[in-house]
Amino acid sequence: MRNWMIVSAGLSLALTGCGGGSTVTRSLETAPPKIAGGVTDYPVKLGEPYQMGGITYTPADTFNYDETGYASWYGQELNGRSTANGEMFNPEAISGAHRTLPLPSYVEVTALDTGKTILVRLNDRGPVAPERLLDLSQGAARQLGVLGQGSFAVRVRRVNPPEAERAMLRQGQPVAARMDTPESLLVPLRRRLDGKAKPANLATATKAEPAPPAVMAKDAPKAKPMPAPAGPAKPVAVAAAPAAQLPPPTPRTQGGDRFIVEGEGAGGRPKTAQNSTGDNRATLNPAPAAPAAAGGTYFVQVASFSSKARADELARRIGAKTVSSADGKLHRVRYGPYADANAAQEGVTLARRKGYQGVQIQQDSGR
């Protein structure tokens with residue numbers, strides 16, 4: 001009997017120890033996760049005000065940070081160097097540098113040319129150039145589709161991603177790209193760039209002189225009256241003066257290979273079908289639809305670019321086609337052609353599934 005009591009007491013102590021171990025295990029599971037190399041999200045570092053390029057910056061924990069500006073990227077030249085929060089820089093990781101946000105922070109970066117959006121982990125301070133908002137690693141630039149460019153327009157929005165995505169970025173692995181930002185949202189985001197200094201290595205077309213304004217008939221110089229001839233006037237056949245000619249419309253661009261807004265002047269945009277769907281606010285004086293030609297002239301247009309490579313990239317991502325203008329200067333991303341406007345509803349559905357809500361059914365003008 002005494003031996004049985006001793007064994008029971010021992011079992012009770014063993015079970016108590018197991019219970020304590022379970023508590024410790026649960027507490028370790030809730031601790032900030034780490035991986036090989038010591039990369040962790042904790043503690044978050046903010047830091048004191050500092051100077052860079054003669055300008056003082058004050059780090060701030062701005063929870064709902066959302067800004068537009070210009071970004072660039074850097075590659076192998078910093079490989080292995082220490083970042084501002086003490087990590088080792090990996091050029092292939094999806095990371096970035098920001099001047100004031102806490103380190104690390106997670107942001108969604110959107111390329112304002114294409115709408116492509118990726119998740120980036122910030123772990124360094126920069127850029128030095130004050131006209132740039134963000135510097136990306138080579139891996140991040142590749143995932144965003146801007147590798148090889150100088151500077152490019154972006155939106156940077158701070159987010160709080162799930163732990164699974166955080167862990168992948170800490171390990172240097174990319175997470176799945178977000179849904180592309182639709183054109184209806186990109187237009188107002190691009191307008192937020194107005195008045196902001198542009199980097200020197202931005203696409204060359206951003207430096208081009210603005211197109212001369214169209215000469216309107218009311219602004220044309222008026223002809224001076226001719227002096228009356230002496231003697232009786234003889235009837236003279238006078239040809240009708242030609243109407244004032246407007247210069248051809250010039251596409252408005254965001255850069256040399258940027259998204260193009262068509263239709264700044266008369267005849268600049270393809271005609272809109274009478275029973276089109278979507279947001280028609282961007283269409284200038286939509287004309288009534290003409291009868292469809294054999295083979296179909298109806299289509300659904302998503303975007304236009306001055307760079308065929310950019311148009312092909314978007315078309316490939318959304319399952320559309322690239323249609324180039326006759327002069328090769330404009331490349332449109334379209335669904336179609338369709339035999340009639342009713343059949344073109346299929347293209348509208350496809351575009352909306354990809355996030356492009358403001359598309360229209362249009363007719364090809366032959367340009």
# chains A, B, ... in the order shown; residues from 1 in each chain; ligands from 1
call {"tool": "residues_around", "arguments": {"residues": "range 320-332 of chain A", "least_positions_apart": "4", "cutoff": "7 Å", "atoms": "only C-alpha atoms", "output": "PDB file with N, CA and C atoms, in the first residue's frame"}}
result
ATOM      1  N   ALA A 303      -6.811  50.040 -71.893  1.00  0.00           N
ATOM      2  CA  ALA A 303      -5.778  51.064 -71.692  1.00  0.00           C
ATOM      3  C   ALA A 303      -5.044  51.298 -73.003  1.00  0.00           C
ATOM      4  N   SER A 304      -4.256  52.395 -73.042  1.00  0.00           N
ATOM      5  CA  SER A 304      -3.402  52.711 -74.185  1.00  0.00           C
ATOM      6  C   SER A 304      -2.027  53.123 -73.681  1.00  0.00           C
ATOM      7  N   PHE A 305      -0.976  52.745 -74.421  1.00  0.00           N
ATOM      8  CA  PHE A 305       0.391  53.056 -74.029  1.00  0.00           C
ATOM      9  C   PHE A 305       1.168  53.542 -75.252  1.00  0.00           C
ATOM     10  N   SER A 306       2.220  54.294 -74.980  1.00  0.00           N
ATOM     11  CA  SER A 306       3.151  54.648 -76.048  1.00  0.00           C
ATOM     12  C   SER A 306       4.223  53.584 -76.212  1.00  0.00           C
ATOM     13  N   SER A 307       4.325  52.658 -75.267  1.00  0.00           N
ATOM     14  CA  SER A 307       5.294  51.569 -75.326  1.00  0.00           C
ATOM     15  C   SER A 307       4.566  50.267 -75.633  1.00  0.00           C
ATOM     16  N   LYS A 308       4.951  49.607 -76.707  1.00  0.00           N
ATOM     17  CA  LYS A 308       4.322  48.332 -77.047  1.00  0.00           C
ATOM     18  C   LYS A 308       4.641  47.274 -76.006  1.00  0.00           C
ATOM     19  N   ALA A 311       2.189  47.673 -73.230  1.00  0.00           N
ATOM     20  CA  ALA A 311       0.862  47.217 -73.647  1.00  0.00           C
ATOM     21  C   ALA A 311       0.815  45.692 -73.702  1.00  0.00           C
ATOM     22  N   ASP A 312       1.878  45.080 -74.249  1.00  0.00           N
ATOM     23  CA  ASP A 312       1.912  43.611 -74.329  1.00  0.00           C
ATOM     24  C   ASP A 312       1.906  42.989 -72.942  1.00  0.00           C
ATOM     25  N   ALA A 315      -1.654  43.250 -71.590  1.00  0.00           N
ATOM     26  CA  ALA A 315      -2.523  42.358 -72.351  1.00  0.00           C
ATOM     27  C   ALA A 315      -2.294  40.904 -71.948  1.00  0.00           C
ATOM     28  N   ARG A 316      -1.042  40.544 -71.720  1.00  0.00           N
ATOM     29  CA  ARG A 316      -0.727  39.178 -71.324  1.00  0.00           C
ATOM     30  C   ARG A 316      -1.299  38.857 -69.947  1.00  0.00           C
ATOM     31  N   ARG A 367      -7.993  54.228 -86.771  1.00  0.00           N
ATOM     32  CA  ARG A 367      -6.715  54.925 -86.595  1.00  0.00           C
ATOM     33  C   ARG A 367      -5.679  53.962 -86.054  1.00  0.00           C
TER      34      ARG A 367
END
call {"tool": "atom_distance", "arguments": {"atom1": "CA of Leu122 in chain A", "atom2": "CA of Thr56 in chain A"}}
result
19.7 Å
call {"tool": "closest_residue", "arguments": {"among": "A:Lys45, A:Arg170, A:Arg142, A:Arg132", "to": "Phe89 in chain A", "atoms": "only C-alpha atoms"}}
result
A:Arg170
call {"tool": "atom_distance", "arguments": {"atom1": "CA of Ala153 in chain A", "atom2": "CA of Met179 in chain A"}}
result
18.0 Å
call {"tool": "residues_around", "arguments": {"residues": "Ile318 in chain A", "least_positions_apart": "4", "cutoff": "9 Å", "atoms": "only C-alpha atoms", "output": "list in words"}}
result
Glu313, Leu314, Leu350, Ala351 and Lys354 of chain A
call {"tool": "write_last_selection", "arguments": {"atoms": "C-alpha atoms", "output": "PDB file, in the first residue's frame"}}
result
ATOM      1  CA  GLU A 313       2.664  43.087 -70.636  1.00  0.00           C
ATOM      2  CA  LEU A 314      -0.793  44.260 -69.552  1.00  0.00           C
ATOM      3  CA  LEU A 350     -13.698  39.983 -68.615  1.00  0.00           C
ATOM      4  CA  ALA A 351     -12.350  43.485 -67.913  1.00  0.00           C
ATOM      5  CA  LYS A 354      -9.676  41.883 -63.776  1.00  0.00           C
TER       6      LYS A 354
END
call {"tool": "residues_around", "arguments": {"residues": "range 39-41 of chain A", "least_positions_apart": "6", "cutoff": "12 Å", "atoms": "only C-alpha atoms", "output": "list in words"}}
result
Ala31, Pro32, Pro33, Thr83, Asn85, Gly86, Glu87, Met88, Phe89, Asn90, Pro102, Leu103, Pro104, Ser105, Tyr106, Arg121, Leu122, Asn123, Glu163, Arg166, Ala167, Met168, Leu169, Arg170, Gln171 and Gly172 of chain A
call {"tool": "residues_around", "arguments": {"residues": "range 46-48 of chain A", "least_positions_apart": "3", "cutoff": "9 Å", "atoms": "only C-alpha atoms", "output": "mmCIF file with N, CA and C atoms, in the first residue's frame"}}
result
data_model
loop_
_atom_site.group_PDB
_atom_site.id
_atom_site.type_symbol
_atom_site.label_atom_id
_atom_site.label_comp_id
_atom_site.auth_asym_id
_atom_site.auth_seq_id
_atom_site.Cartn_x
_atom_site.Cartn_y
_atom_site.Cartn_z
ATOM 1 N N TYR A 57 15.187 64.694 -41.187
ATOM 2 C CA TYR A 57 13.987 63.862 -41.248
ATOM 3 C C TYR A 57 13.663 63.336 -39.857
ATOM 4 N N THR A 58 12.387 63.331 -39.518
ATOM 5 C CA THR A 58 11.929 62.861 -38.214
ATOM 6 C C THR A 58 11.068 61.627 -38.406
ATOM 7 N N PRO A 59 11.558 60.445 -38.041
ATOM 8 C CA PRO A 59 10.741 59.222 -38.170
ATOM 9 C C PRO A 59 9.446 59.334 -37.381
ATOM 10 N N ALA A 60 8.377 58.780 -37.915
ATOM 11 C CA ALA A 60 7.063 58.860 -37.275
ATOM 12 C C ALA A 60 6.288 57.582 -37.559
ATOM 13 N N ASP A 61 5.536 57.134 -36.567
ATOM 14 C CA ASP A 61 4.724 55.926 -36.698
ATOM 15 C C ASP A 61 3.357 56.309 -37.262
ATOM 16 N N THR A 100 11.058 57.825 -43.149
ATOM 17 C CA THR A 100 10.441 58.134 -41.860
ATOM 18 C C THR A 100 9.613 57.012 -41.241
ATOM 19 N N LEU A 101 9.133 56.047 -41.999
ATOM 20 C CA LEU A 101 8.289 54.997 -41.421
ATOM 21 C C LEU A 101 9.099 54.097 -40.487
ATOM 22 N N PRO A 102 8.453 53.482 -39.495
ATOM 23 C CA PRO A 102 9.170 52.568 -38.589
ATOM 24 C C PRO A 102 9.794 51.413 -39.366
ATOM 25 N N LEU A 103 10.850 50.837 -38.777
ATOM 26 C CA LEU A 103 11.535 49.702 -39.390
ATOM 27 C C LEU A 103 11.438 48.492 -38.470
ATOM 28 N N PRO A 104 10.884 47.362 -38.956
ATOM 29 C CA PRO A 104 10.325 47.234 -40.304
ATOM 30 C C PRO A 104 8.888 47.726 -40.370
#
call {"tool": "select_by_dssp", "arguments": {"residues": "range 69-231 of chain A", "states": "strand (DSSP E)", "output": "ChimeraX atom specification"}}
result
/A:69-74,95-97,105-111,117-124,134-137,152-159
call {"tool": "closest_residue", "arguments": {"among": "A:Gly75, A:Gly195, A:Pro161, A:Gly115", "to": "Glu183 in chain A", "atoms": "only C-alpha atoms"}}
result
A:Gly115
call {"tool": "atom_distance", "arguments": {"atom1": "CA of Lys198 in chain A", "atom2": "CA of Glu108 in chain A"}}
result
21.4 Å
